[in-house]
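Novice: The following block contains the structure, expressed as structure tokens.
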Amino acid sequence: MSLELTGIAKTFAARDKQPAVEVLRDISLSIEPGRFIAVVGPSGCGKTTLLRIIAGLEPVSRGRVLLGGDEVQGSPGRVGLVFQDYALFPWRTTVDNIATGLQMKGTGRLQRRQEAQRYVAAFGLEGFEQSYPHQLSGGMQQRVAIARAMIMEPEVILMDEPFGSLDSQTRNALQEFLLRVWQQRQDTIVFVTHNVDEAVFLADEIIILSARPARVVQRVNVEASRPRDRTSAQCNAIRRRVLGMLQEQRGDTAMTT
Amino acid sequence: MRWGRCIAPLALLATWQALSWLGAIPAHKLPSPLMIMAGLVELIQRGLPPGYRLDYHLLYSLYRVAWGFLLAAAVGVPLGLLMGWSRRIRGVVGPLVEMVRPVPPLAWIPLAILWFGIGVKSAAFIIFLGAFFPIVLNTTSGVLAVSPALQEVARTLGAGEGDVVRRVLLPGALPSIFVGLRIGLGIGWMTLVAAEFTGVKSGYGLGYMIMVARDIQRADQVLAGMVVIGLTGLVIDQLLRYLGRRLMPWQGGG
Ligand SMILES: Nc1ncnc2c1ncn2[C@@H]1O[C@H](COP(=O)(O)OP(=O)(O)OP(=O)(O)O)[C@@H](O)[C@H]1O
Ligand SMILES: [Mg+2]
């Protein structure tokens, strides 16, 4: 089931002496199932807002978001969310965090424990089933958060700079881990990142947004075959191209502000 | 390590006792620690007034506090949750709470007696007033401090409004709720003794007992009563802390 955005616009209304902010302008995208899409753009351009709109957490000012032909708003469980700061429930153990969505759905205790346990094993979290988030490393916390989203088998997984606060080694390890999981499961992933290297290493396609109000500047297909070598000439060339386009966008903002 | 913490208080007691023996502290103003101990033993064995034993005074006081405190928790925690959850409810109830809160609970004693007569009901009412506000306010601020991201994640995982309140806001606010309960119980305990001083008395109660001791000029028993009040407050607080640790194993340390 594909994800269709048609003519999305978003303006945050003025309030408390804050002027209205136009964040997104006429964004149309069609994302095929099973694709890994990276979204890059100048900081503050509206990437998070775009994800929140896709997740149905933020109403649009104009346009439509369709998931397999239906409006997403008010259809929980179809879209998975992963944040940079993990947003794990501090009072839940690893297993219970992963099983949260099943609990909301009314799945029995035993069954959701079993289901969650499968993710514990597949995500390298054995031995930490009964740990609380504050007892886990950042990389483990993020794996729990990804498992919590994936256990619901969502039609799209939205990730907002998920590896942004990890050290570079953990980050690389998690990138590879995510690719392995994705290749097995064939999820549809929309992955926001500041890091062009990361986008080039992970994505089938990179969507470059303009400075605010964000428009789609360019969609770049990453043709490099998998598994990818981060330092290959092909990756370098794509990286250079994307960085160039981002530079232009930053230049634009610099001139207007 | 633990014994190290006792050194200062023990030194203070020893100095006090020594000064009393030397006659530097007049016994009718401030009895020595040993005299206070003797007074305490007398309160336990004979009671004050005679026949009204300390354990009954203590039980009566605890009984009144329990009523007032449990009532305050039963109303305060749900109300605080609602106030944290809904801006509208906060807008309506908040100003009311802020208006009543500055009135000292003891100022309600005349009305309490008018409404409920002298007895456990009016005492419970006064304690309720003392404990209620810290419980409501801490619950509300605890809910408001729960990260919106957690609520959003829960929603995308299929949580309805009820699930958000029960499974996200309540556990998220629990540490703060416990702070409110501890403060509320502390204030309730202090309020009770003061209430027993001033009006809400009926033969039993630590405050009442202390007033009797004062009337017959027994400073040692006044002080012994104060010691009992202090120790009981400490024990109750430790119990709540223990309960909090058991209920919130995710809180490192606590
Ligand atoms: N609820 C809101 N009300 C008003 N303005 C908002 C709101 N949410 C976001 N904004 C504004 O919208 C703009 C885009 O924010 P957004 O967080 O989507 O950008 P971003 O691209 O994710 O930024 P970053 O690169 O820092 O992650 C910002 O200027 C922000 O101030
Ligand atoms: Mg963002």
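Every chain in the structure tokens takes a letter, A first, then B, and so on in the order presented; its residues are numbered from 1, and the ligands are numbered from 1 following the presented order.
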If you run DSSP on the backbone here, which positions in stretch 120-251 of chain B get alpha helix (DSSP H)? Please write them as a PyMOL selection string.

Specialist: chain B and resi 120-144+148-156+161-163+170-198+206-215+219-247

Novice: With only C-alpha atoms and all ligand atoms counted, collect every polymer residue having an atom within 8 Å of ligand 2; state the result as a list of chain:residue names.

Specialist: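 So the residues close to ligand 2 are A:Ser43, A:Gly44, A:Gly46, A:Lys47, A:Thr48, A:Thr49, A:Asp160, A:Glu161, A:Val192.
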
Novice: Please determine, counting only C-alpha atoms, which residue among B:Ile135, B:Ile236, B:Val93, B:Val164 has the shortest atom-to-atom distance to B:Leu150.

Specialist: B:Val164

Novice: For chain B, report every residue with an atom at most 9 Å from chain A (counting only C-alpha atoms), formatted as a count of residues only.

Specialist: 21

Novice: Could you check which of A:Thr231, A:Thr11, A:Gln175, A:Asn236 is closest to ligand 1, using only C-alpha atoms and all ligand atoms?

Specialist: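 Checking each candidate against ligand 1, we get A:Thr11 as the closest.
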
Novice: Throw together the list of residues within 10 Å of ligand 1, counting only C-alpha atoms and all ligand atoms, and drop it here as a PyMOL selection string.

Specialist: chain A and resi 10-15+18-24+39-53+58+84+160-161+192-194+209-214

Novice: Extract, using only C-alpha atoms, all DNA, RNA and protein residues at most 7 Å from A:Arg239, discarding same-chain residues fewer than 4 positions from it, and format them as a list in words.

Specialist: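 The filter keeps Val196, Asp197, Val200, Cys235 and Leu243 of chain A.
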
Novice: So that I can check the surroundings of B:Leu243, please list as number ranges by chain every protein, DNA and RNA residue that reaches within 12 Å of it, counting only C-alpha atoms and ignoring chain neighbours fewer than 3 positions away.

Specialist: B: 174-175, 178-179, 181-182, 236-240, 246-249, 254

Novice: Taking 5 positions as the minimum chain separation for residues in the same chain, which residues sit within 8 Å of A:Ile208 when counting only C-alpha atoms? Answer as a list of chain:residue names.

Specialist: A:Val39, A:Val40, A:Gly41, A:Val216, A:Val217, A:Gln218, A:Arg219, A:Val220, A:Val242, A:Met245, A:Leu246

Novice: For the residues in the current selection, export all heavy atoms as a short mmCIF file (atom, residue, chain, number, x, y, z; two decimals), in the first residue's frame.

Specialist:
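So the final result, stored in selection33.cif, reads:
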```cif
data_model
loop_
_atom_site.label_atom_id
_atom_site.label_comp_id
_atom_site.auth_asym_id
_atom_site.auth_seq_id
_atom_site.Cartn_x
_atom_site.Cartn_y
_atom_site.Cartn_z
N VAL A 39 14.93 11.78 3.98
CA VAL A 39 14.54 13.17 3.76
C VAL A 39 15.62 14.05 4.38
O VAL A 39 15.94 13.90 5.57
CB VAL A 39 13.18 13.48 4.43
CG1 VAL A 39 12.83 14.96 4.26
CG2 VAL A 39 12.09 12.61 3.84
N VAL A 40 16.19 14.94 3.57
CA VAL A 40 17.18 15.88 4.12
C VAL A 40 16.73 17.29 3.77
O VAL A 40 15.95 17.50 2.85
CB VAL A 40 18.60 15.64 3.56
CG1 VAL A 40 19.12 14.27 3.96
CG2 VAL A 40 18.64 15.81 2.06
N GLY A 41 17.21 18.25 4.54
CA GLY A 41 16.85 19.64 4.30
C GLY A 41 17.47 20.51 5.34
O GLY A 41 17.89 20.02 6.39
N VAL A 216 9.68 20.31 -2.13
CA VAL A 216 10.59 19.26 -2.58
C VAL A 216 11.46 19.85 -3.68
O VAL A 216 10.97 20.25 -4.72
CB VAL A 216 9.81 18.04 -3.12
CG1 VAL A 216 10.79 17.00 -3.64
CG2 VAL A 216 8.94 17.46 -2.02
N VAL A 217 12.77 19.93 -3.42
CA VAL A 217 13.67 20.50 -4.39
C VAL A 217 14.06 19.45 -5.43
O VAL A 217 14.12 19.70 -6.63
CB VAL A 217 14.96 21.01 -3.71
CG1 VAL A 217 15.94 21.51 -4.74
CG2 VAL A 217 14.62 22.09 -2.71
N GLN A 218 14.32 18.26 -4.92
CA GLN A 218 14.86 17.24 -5.82
C GLN A 218 14.68 15.87 -5.19
O GLN A 218 14.69 15.74 -3.97
CB GLN A 218 16.36 17.52 -6.00
CG GLN A 218 17.08 16.69 -7.01
CD GLN A 218 16.66 16.98 -8.44
OE1 GLN A 218 15.87 16.21 -9.01
NE2 GLN A 218 17.15 18.07 -9.01
N ARG A 219 14.46 14.90 -6.01
CA ARG A 219 14.45 13.52 -5.52
C ARG A 219 15.61 12.80 -6.20
O ARG A 219 15.67 12.74 -7.41
CB ARG A 219 13.14 12.82 -5.87
CG ARG A 219 11.93 13.58 -5.34
CD ARG A 219 10.64 12.90 -5.73
NE ARG A 219 10.51 11.58 -5.11
CZ ARG A 219 9.34 10.96 -4.96
NH1 ARG A 219 8.23 11.50 -5.41
NH2 ARG A 219 9.29 9.77 -4.41
N VAL A 220 16.51 12.29 -5.40
CA VAL A 220 17.71 11.66 -5.95
C VAL A 220 17.64 10.16 -5.72
O VAL A 220 17.53 9.72 -4.57
CB VAL A 220 18.97 12.22 -5.27
CG1 VAL A 220 20.21 11.50 -5.77
CG2 VAL A 220 19.09 13.72 -5.52
N VAL A 242 24.20 15.69 -3.51
CA VAL A 242 23.20 16.06 -2.50
C VAL A 242 23.71 17.23 -1.66
O VAL A 242 22.98 18.19 -1.40
CB VAL A 242 22.87 14.85 -1.60
CG1 VAL A 242 21.97 15.27 -0.45
CG2 VAL A 242 22.22 13.75 -2.42
N MET A 245 23.34 20.44 -3.46
CA MET A 245 21.97 20.98 -3.49
C MET A 245 21.57 21.55 -2.13
O MET A 245 20.87 22.57 -2.06
CB MET A 245 21.00 19.89 -3.92
CG MET A 245 21.10 19.64 -5.42
SD MET A 245 19.88 18.48 -6.04
CE MET A 245 20.63 16.94 -5.66
N LEU A 246 22.02 20.90 -1.05
CA LEU A 246 21.71 21.42 0.28
C LEU A 246 22.38 22.77 0.49
O LEU A 246 21.80 23.69 1.07
CB LEU A 246 22.19 20.45 1.36
CG LEU A 246 21.22 19.35 1.73
CD1 LEU A 246 21.86 18.41 2.72
CD2 LEU A 246 19.96 19.97 2.33
#
```

Novice: Could you pull out all residues of stretch 120-247 of chain A with a DSSP call of strand (DSSP E or B) and give them as a ChimeraX atom specification?

Specialist: /A:156-160,189-192,205-209,214,216-221

Novice: Now that the selection is made, can you save its residues with N, CA and C atoms as a tab-separated table (two decimals), in the first residue's frame?

Specialist:
```tsv
chain	number	residue	atom	x	y	z
A	156	VAL	N	3.85	2.21	7.30
A	156	VAL	CA	4.99	3.11	7.11
A	156	VAL	C	5.66	3.31	8.45
A	157	ILE	N	7.00	3.34	8.44
A	157	ILE	CA	7.72	3.67	9.66
A	157	ILE	C	8.40	5.02	9.45
A	158	LEU	N	8.10	5.96	10.34
A	158	LEU	CA	8.67	7.29	10.24
A	158	LEU	C	9.77	7.43	11.28
A	159	MET	N	10.95	7.85	10.83
A	159	MET	CA	12.06	7.97	11.77
A	159	MET	C	12.61	9.39	11.70
A	160	ASP	N	12.63	10.08	12.84
A	160	ASP	CA	13.08	11.46	12.87
A	160	ASP	C	14.48	11.53	13.47
A	189	ILE	N	9.97	2.89	4.80
A	189	ILE	CA	10.58	3.74	5.82
A	189	ILE	C	10.77	5.15	5.29
A	190	VAL	N	10.36	6.14	6.06
A	190	VAL	CA	10.70	7.53	5.77
A	190	VAL	C	11.61	8.00	6.88
A	191	PHE	N	12.83	8.35	6.52
A	191	PHE	CA	13.91	8.52	7.49
A	191	PHE	C	14.48	9.93	7.35
A	192	VAL	N	14.21	10.78	8.32
A	192	VAL	CA	14.73	12.15	8.30
A	192	VAL	C	16.13	12.15	8.90
A	205	GLU	N	16.17	6.29	-2.02
A	205	GLU	CA	15.90	7.58	-2.64
A	205	GLU	C	16.05	8.67	-1.59
A	206	ILE	N	16.64	9.79	-1.98
A	206	ILE	CA	16.81	10.91	-1.05
A	206	ILE	C	15.95	12.07	-1.52
A	207	ILE	N	15.12	12.56	-0.63
A	207	ILE	CA	14.27	13.70	-0.96
A	207	ILE	C	14.90	14.93	-0.31
A	208	ILE	N	15.17	15.93	-1.14
A	208	ILE	CA	15.82	17.13	-0.62
A	208	ILE	C	14.77	18.23	-0.52
A	209	LEU	N	14.65	18.77	0.69
A	209	LEU	CA	13.68	19.83	0.91
A	209	LEU	C	14.39	21.18	0.88
A	214	ALA	N	9.16	24.65	3.31
A	214	ALA	CA	9.79	23.53	2.61
A	214	ALA	C	8.99	23.12	1.37
A	216	VAL	N	9.68	20.31	-2.13
A	216	VAL	CA	10.59	19.26	-2.58
A	216	VAL	C	11.46	19.85	-3.68
A	217	VAL	N	12.77	19.93	-3.42
A	217	VAL	CA	13.67	20.50	-4.39
A	217	VAL	C	14.06	19.45	-5.43
A	218	GLN	N	14.32	18.26	-4.92
A	218	GLN	CA	14.86	17.24	-5.82
A	218	GLN	C	14.68	15.87	-5.19
A	219	ARG	N	14.46	14.90	-6.01
A	219	ARG	CA	14.45	13.52	-5.52
A	219	ARG	C	15.61	12.80	-6.20
A	220	VAL	N	16.51	12.29	-5.40
A	220	VAL	CA	17.71	11.66	-5.95
A	220	VAL	C	17.64	10.16	-5.72
A	221	ASN	N	17.66	9.38	-6.77
A	221	ASN	CA	17.71	7.93	-6.61
A	221	ASN	C	19.13	7.50	-6.29
```

Novice: Which residues are close to A:Pro227, i.e. within 10 Å by only C-alpha atoms, leaving aside same-chain residues fewer than 2 positions away? Reply as a CSV table (one decimal) with C-alpha atoms, in the first residue's frame.

Specialist:
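Contents of part-v3.csv, freshly written:
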```csv
chain,number,residue,atom,x,y,z
A,176,GLU,CA,23.7,-1.7,9.3
A,179,LEU,CA,19.3,-2.2,6.8
A,180,ARG,CA,19.4,-5.9,7.7
A,201,PHE,CA,24.3,4.7,2.9
A,202,LEU,CA,20.7,3.8,3.8
A,224,ALA,CA,24.4,2.1,-5.6
A,225,SER,CA,23.9,-1.6,-5.2
A,229,ASP,CA,30.5,0.7,0.5
A,230,ARG,CA,30.4,4.1,2.2
```

Novice: For A:Ala147, find every residue with an atom within 9 Å (counting only C-alpha atoms), except residues of its own chain fewer than 4 positions away, and show them as a list in words.

Specialist: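 So, after excluding close chain neighbours, the residues are Asn97, Ile98, Ala99, Ala116, Tyr119, Val120, Phe123, Gln142, Arg143, Ile151 and Met152 of chain A.
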
Novice: Include all heavy atoms and write out the residues we just selected as a PDB file, in the first residue's frame.

Specialist:
```pdb
ATOM      1  N   ASN A  97       7.915  -2.282  26.977  1.00  0.00           N
ATOM      2  CA  ASN A  97       7.967  -1.205  26.000  1.00  0.00           C
ATOM      3  C   ASN A  97       7.663  -1.733  24.605  1.00  0.00           C
ATOM      4  O   ASN A  97       6.845  -1.162  23.883  1.00  0.00           O
ATOM      5  CB  ASN A  97       9.342  -0.529  26.015  1.00  0.00           C
ATOM      6  CG  ASN A  97       9.322   0.811  26.741  1.00  0.00           C
ATOM      7  OD1 ASN A  97       8.644   1.748  26.315  1.00  0.00           O
ATOM      8  ND2 ASN A  97      10.048   0.895  27.844  1.00  0.00           N
ATOM      9  N   ILE A  98       8.322  -2.821  24.244  1.00  0.00           N
ATOM     10  CA  ILE A  98       8.130  -3.362  22.904  1.00  0.00           C
ATOM     11  C   ILE A  98       6.675  -3.782  22.703  1.00  0.00           C
ATOM     12  O   ILE A  98       6.102  -3.611  21.632  1.00  0.00           O
ATOM     13  CB  ILE A  98       9.084  -4.561  22.664  1.00  0.00           C
ATOM     14  CG1 ILE A  98      10.542  -4.072  22.683  1.00  0.00           C
ATOM     15  CG2 ILE A  98       8.773  -5.257  21.353  1.00  0.00           C
ATOM     16  CD1 ILE A  98      11.572  -5.177  22.557  1.00  0.00           C
ATOM     17  N   ALA A  99       6.056  -4.298  23.766  1.00  0.00           N
ATOM     18  CA  ALA A  99       4.705  -4.840  23.644  1.00  0.00           C
ATOM     19  C   ALA A  99       3.606  -3.801  23.838  1.00  0.00           C
ATOM     20  O   ALA A  99       2.422  -4.148  23.801  1.00  0.00           O
ATOM     21  CB  ALA A  99       4.518  -5.979  24.644  1.00  0.00           C
ATOM     22  N   ALA A 116       6.867 -10.103  21.910  1.00  0.00           N
ATOM     23  CA  ALA A 116       7.936  -9.144  22.216  1.00  0.00           C
ATOM     24  C   ALA A 116       9.273  -9.878  22.344  1.00  0.00           C
ATOM     25  O   ALA A 116      10.316  -9.387  21.923  1.00  0.00           O
ATOM     26  CB  ALA A 116       7.614  -8.372  23.489  1.00  0.00           C
ATOM     27  N   TYR A 119      11.204 -10.193  19.263  1.00  0.00           N
ATOM     28  CA  TYR A 119      11.947  -8.991  18.885  1.00  0.00           C
ATOM     29  C   TYR A 119      13.188  -8.820  19.747  1.00  0.00           C
ATOM     30  O   TYR A 119      14.224  -8.373  19.275  1.00  0.00           O
ATOM     31  CB  TYR A 119      11.038  -7.757  18.962  1.00  0.00           C
ATOM     32  CG  TYR A 119      10.161  -7.646  17.748  1.00  0.00           C
ATOM     33  CD1 TYR A 119       8.982  -8.382  17.648  1.00  0.00           C
ATOM     34  CD2 TYR A 119      10.527  -6.841  16.679  1.00  0.00           C
ATOM     35  CE1 TYR A 119       8.178  -8.321  16.523  1.00  0.00           C
ATOM     36  CE2 TYR A 119       9.736  -6.763  15.541  1.00  0.00           C
ATOM     37  CZ  TYR A 119       8.562  -7.505  15.475  1.00  0.00           C
ATOM     38  OH  TYR A 119       7.794  -7.434  14.352  1.00  0.00           O
ATOM     39  N   VAL A 120      13.049  -9.176  21.019  1.00  0.00           N
ATOM     40  CA  VAL A 120      14.210  -9.108  21.902  1.00  0.00           C
ATOM     41  C   VAL A 120      15.352  -9.921  21.310  1.00  0.00           C
ATOM     42  O   VAL A 120      16.490  -9.459  21.207  1.00  0.00           O
ATOM     43  CB  VAL A 120      13.856  -9.631  23.310  1.00  0.00           C
ATOM     44  CG1 VAL A 120      15.107  -9.900  24.124  1.00  0.00           C
ATOM     45  CG2 VAL A 120      12.954  -8.637  24.034  1.00  0.00           C
ATOM     46  N   PHE A 123      16.668  -8.450  17.936  1.00  0.00           N
ATOM     47  CA  PHE A 123      17.275  -7.123  18.034  1.00  0.00           C
ATOM     48  C   PHE A 123      18.460  -7.103  18.993  1.00  0.00           C
ATOM     49  O   PHE A 123      18.935  -6.047  19.393  1.00  0.00           O
ATOM     50  CB  PHE A 123      16.220  -6.085  18.474  1.00  0.00           C
ATOM     51  CG  PHE A 123      15.342  -5.611  17.346  1.00  0.00           C
ATOM     52  CD1 PHE A 123      14.743  -6.515  16.480  1.00  0.00           C
ATOM     53  CD2 PHE A 123      15.102  -4.262  17.152  1.00  0.00           C
ATOM     54  CE1 PHE A 123      13.931  -6.080  15.437  1.00  0.00           C
ATOM     55  CE2 PHE A 123      14.298  -3.820  16.113  1.00  0.00           C
ATOM     56  CZ  PHE A 123      13.709  -4.733  15.258  1.00  0.00           C
ATOM     57  N   GLN A 142      17.436   2.744  21.368  1.00  0.00           N
ATOM     58  CA  GLN A 142      16.861   2.998  20.058  1.00  0.00           C
ATOM     59  C   GLN A 142      16.394   1.695  19.413  1.00  0.00           C
ATOM     60  O   GLN A 142      15.393   1.678  18.713  1.00  0.00           O
ATOM     61  CB  GLN A 142      17.853   3.761  19.179  1.00  0.00           C
ATOM     62  CG  GLN A 142      17.244   4.415  17.958  1.00  0.00           C
ATOM     63  CD  GLN A 142      16.073   5.338  18.279  1.00  0.00           C
ATOM     64  OE1 GLN A 142      15.037   4.896  18.753  1.00  0.00           O
ATOM     65  NE2 GLN A 142      16.239   6.626  18.030  1.00  0.00           N
ATOM     66  N   ARG A 143      17.094   0.593  19.676  1.00  0.00           N
ATOM     67  CA  ARG A 143      16.614  -0.679  19.139  1.00  0.00           C
ATOM     68  C   ARG A 143      15.272  -1.051  19.751  1.00  0.00           C
ATOM     69  O   ARG A 143      14.386  -1.585  19.076  1.00  0.00           O
ATOM     70  CB  ARG A 143      17.649  -1.788  19.366  1.00  0.00           C
ATOM     71  CG  ARG A 143      18.676  -1.843  18.237  1.00  0.00           C
ATOM     72  CD  ARG A 143      19.725  -2.874  18.491  1.00  0.00           C
ATOM     73  NE  ARG A 143      20.743  -2.376  19.415  1.00  0.00           N
ATOM     74  CZ  ARG A 143      21.540  -3.146  20.122  1.00  0.00           C
ATOM     75  NH1 ARG A 143      21.441  -4.456  20.040  1.00  0.00           N
ATOM     76  NH2 ARG A 143      22.442  -2.614  20.909  1.00  0.00           N
ATOM     77  N   ILE A 151       6.743  -3.974  15.812  1.00  0.00           N
ATOM     78  CA  ILE A 151       5.913  -5.091  16.259  1.00  0.00           C
ATOM     79  C   ILE A 151       4.460  -4.893  15.821  1.00  0.00           C
ATOM     80  O   ILE A 151       3.708  -5.850  15.684  1.00  0.00           O
ATOM     81  CB  ILE A 151       6.006  -5.258  17.799  1.00  0.00           C
ATOM     82  CG1 ILE A 151       5.600  -6.679  18.210  1.00  0.00           C
ATOM     83  CG2 ILE A 151       5.137  -4.239  18.513  1.00  0.00           C
ATOM     84  CD1 ILE A 151       5.875  -6.985  19.676  1.00  0.00           C
ATOM     85  N   MET A 152       4.095  -3.638  15.559  1.00  0.00           N
ATOM     86  CA  MET A 152       2.735  -3.355  15.104  1.00  0.00           C
ATOM     87  C   MET A 152       2.571  -3.601  13.610  1.00  0.00           C
ATOM     88  O   MET A 152       1.489  -3.403  13.070  1.00  0.00           O
ATOM     89  CB  MET A 152       2.366  -1.903  15.420  1.00  0.00           C
ATOM     90  CG  MET A 152       2.425  -1.538  16.888  1.00  0.00           C
ATOM     91  SD  MET A 152       1.365  -2.568  17.891  1.00  0.00           S
ATOM     92  CE  MET A 152      -0.228  -1.865  17.501  1.00  0.00           C
TER      93      MET A 152
END
```

Novice: Could you please determine the separation between atom CA of B:Met35 and atom CA of B:Trp16 in Å, to one decimal place?

Specialist: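 Distance between the two atoms: 11.5 Å.
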
Novice: For atom CA of A:Gly138 and atom CA of B:Ser176, quote the distance in Å rounded to one decimal.

Specialist: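 Rounded to one decimal, the two atoms are 25.4 Å apart.
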
Novice: Atom CA of A:Ser2 and atom CA of A:Ile31, how far apart in Å?

Specialist: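 Atom-to-atom, atom CA of A:Ile31 to atom CA of A:Ser2, that is 5.7 Å.
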
Novice: Taking only C-alpha atoms into account, which of B:Leu192, B:Ile177, B:Val75, B:Pro134 comes nearest B:Ser122?

Specialist: B:Leu192

Novice: I need the residue nearest B:Glu42 from this list: B:Ala194, B:Ala66, B:Ala213, B:Val235. Use only C-alpha atoms for the distance.

Specialist: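 Ranking B:Ala194, B:Ala66, B:Ala213, B:Val235 by distance to B:Glu42, first place goes to B:Ala213.
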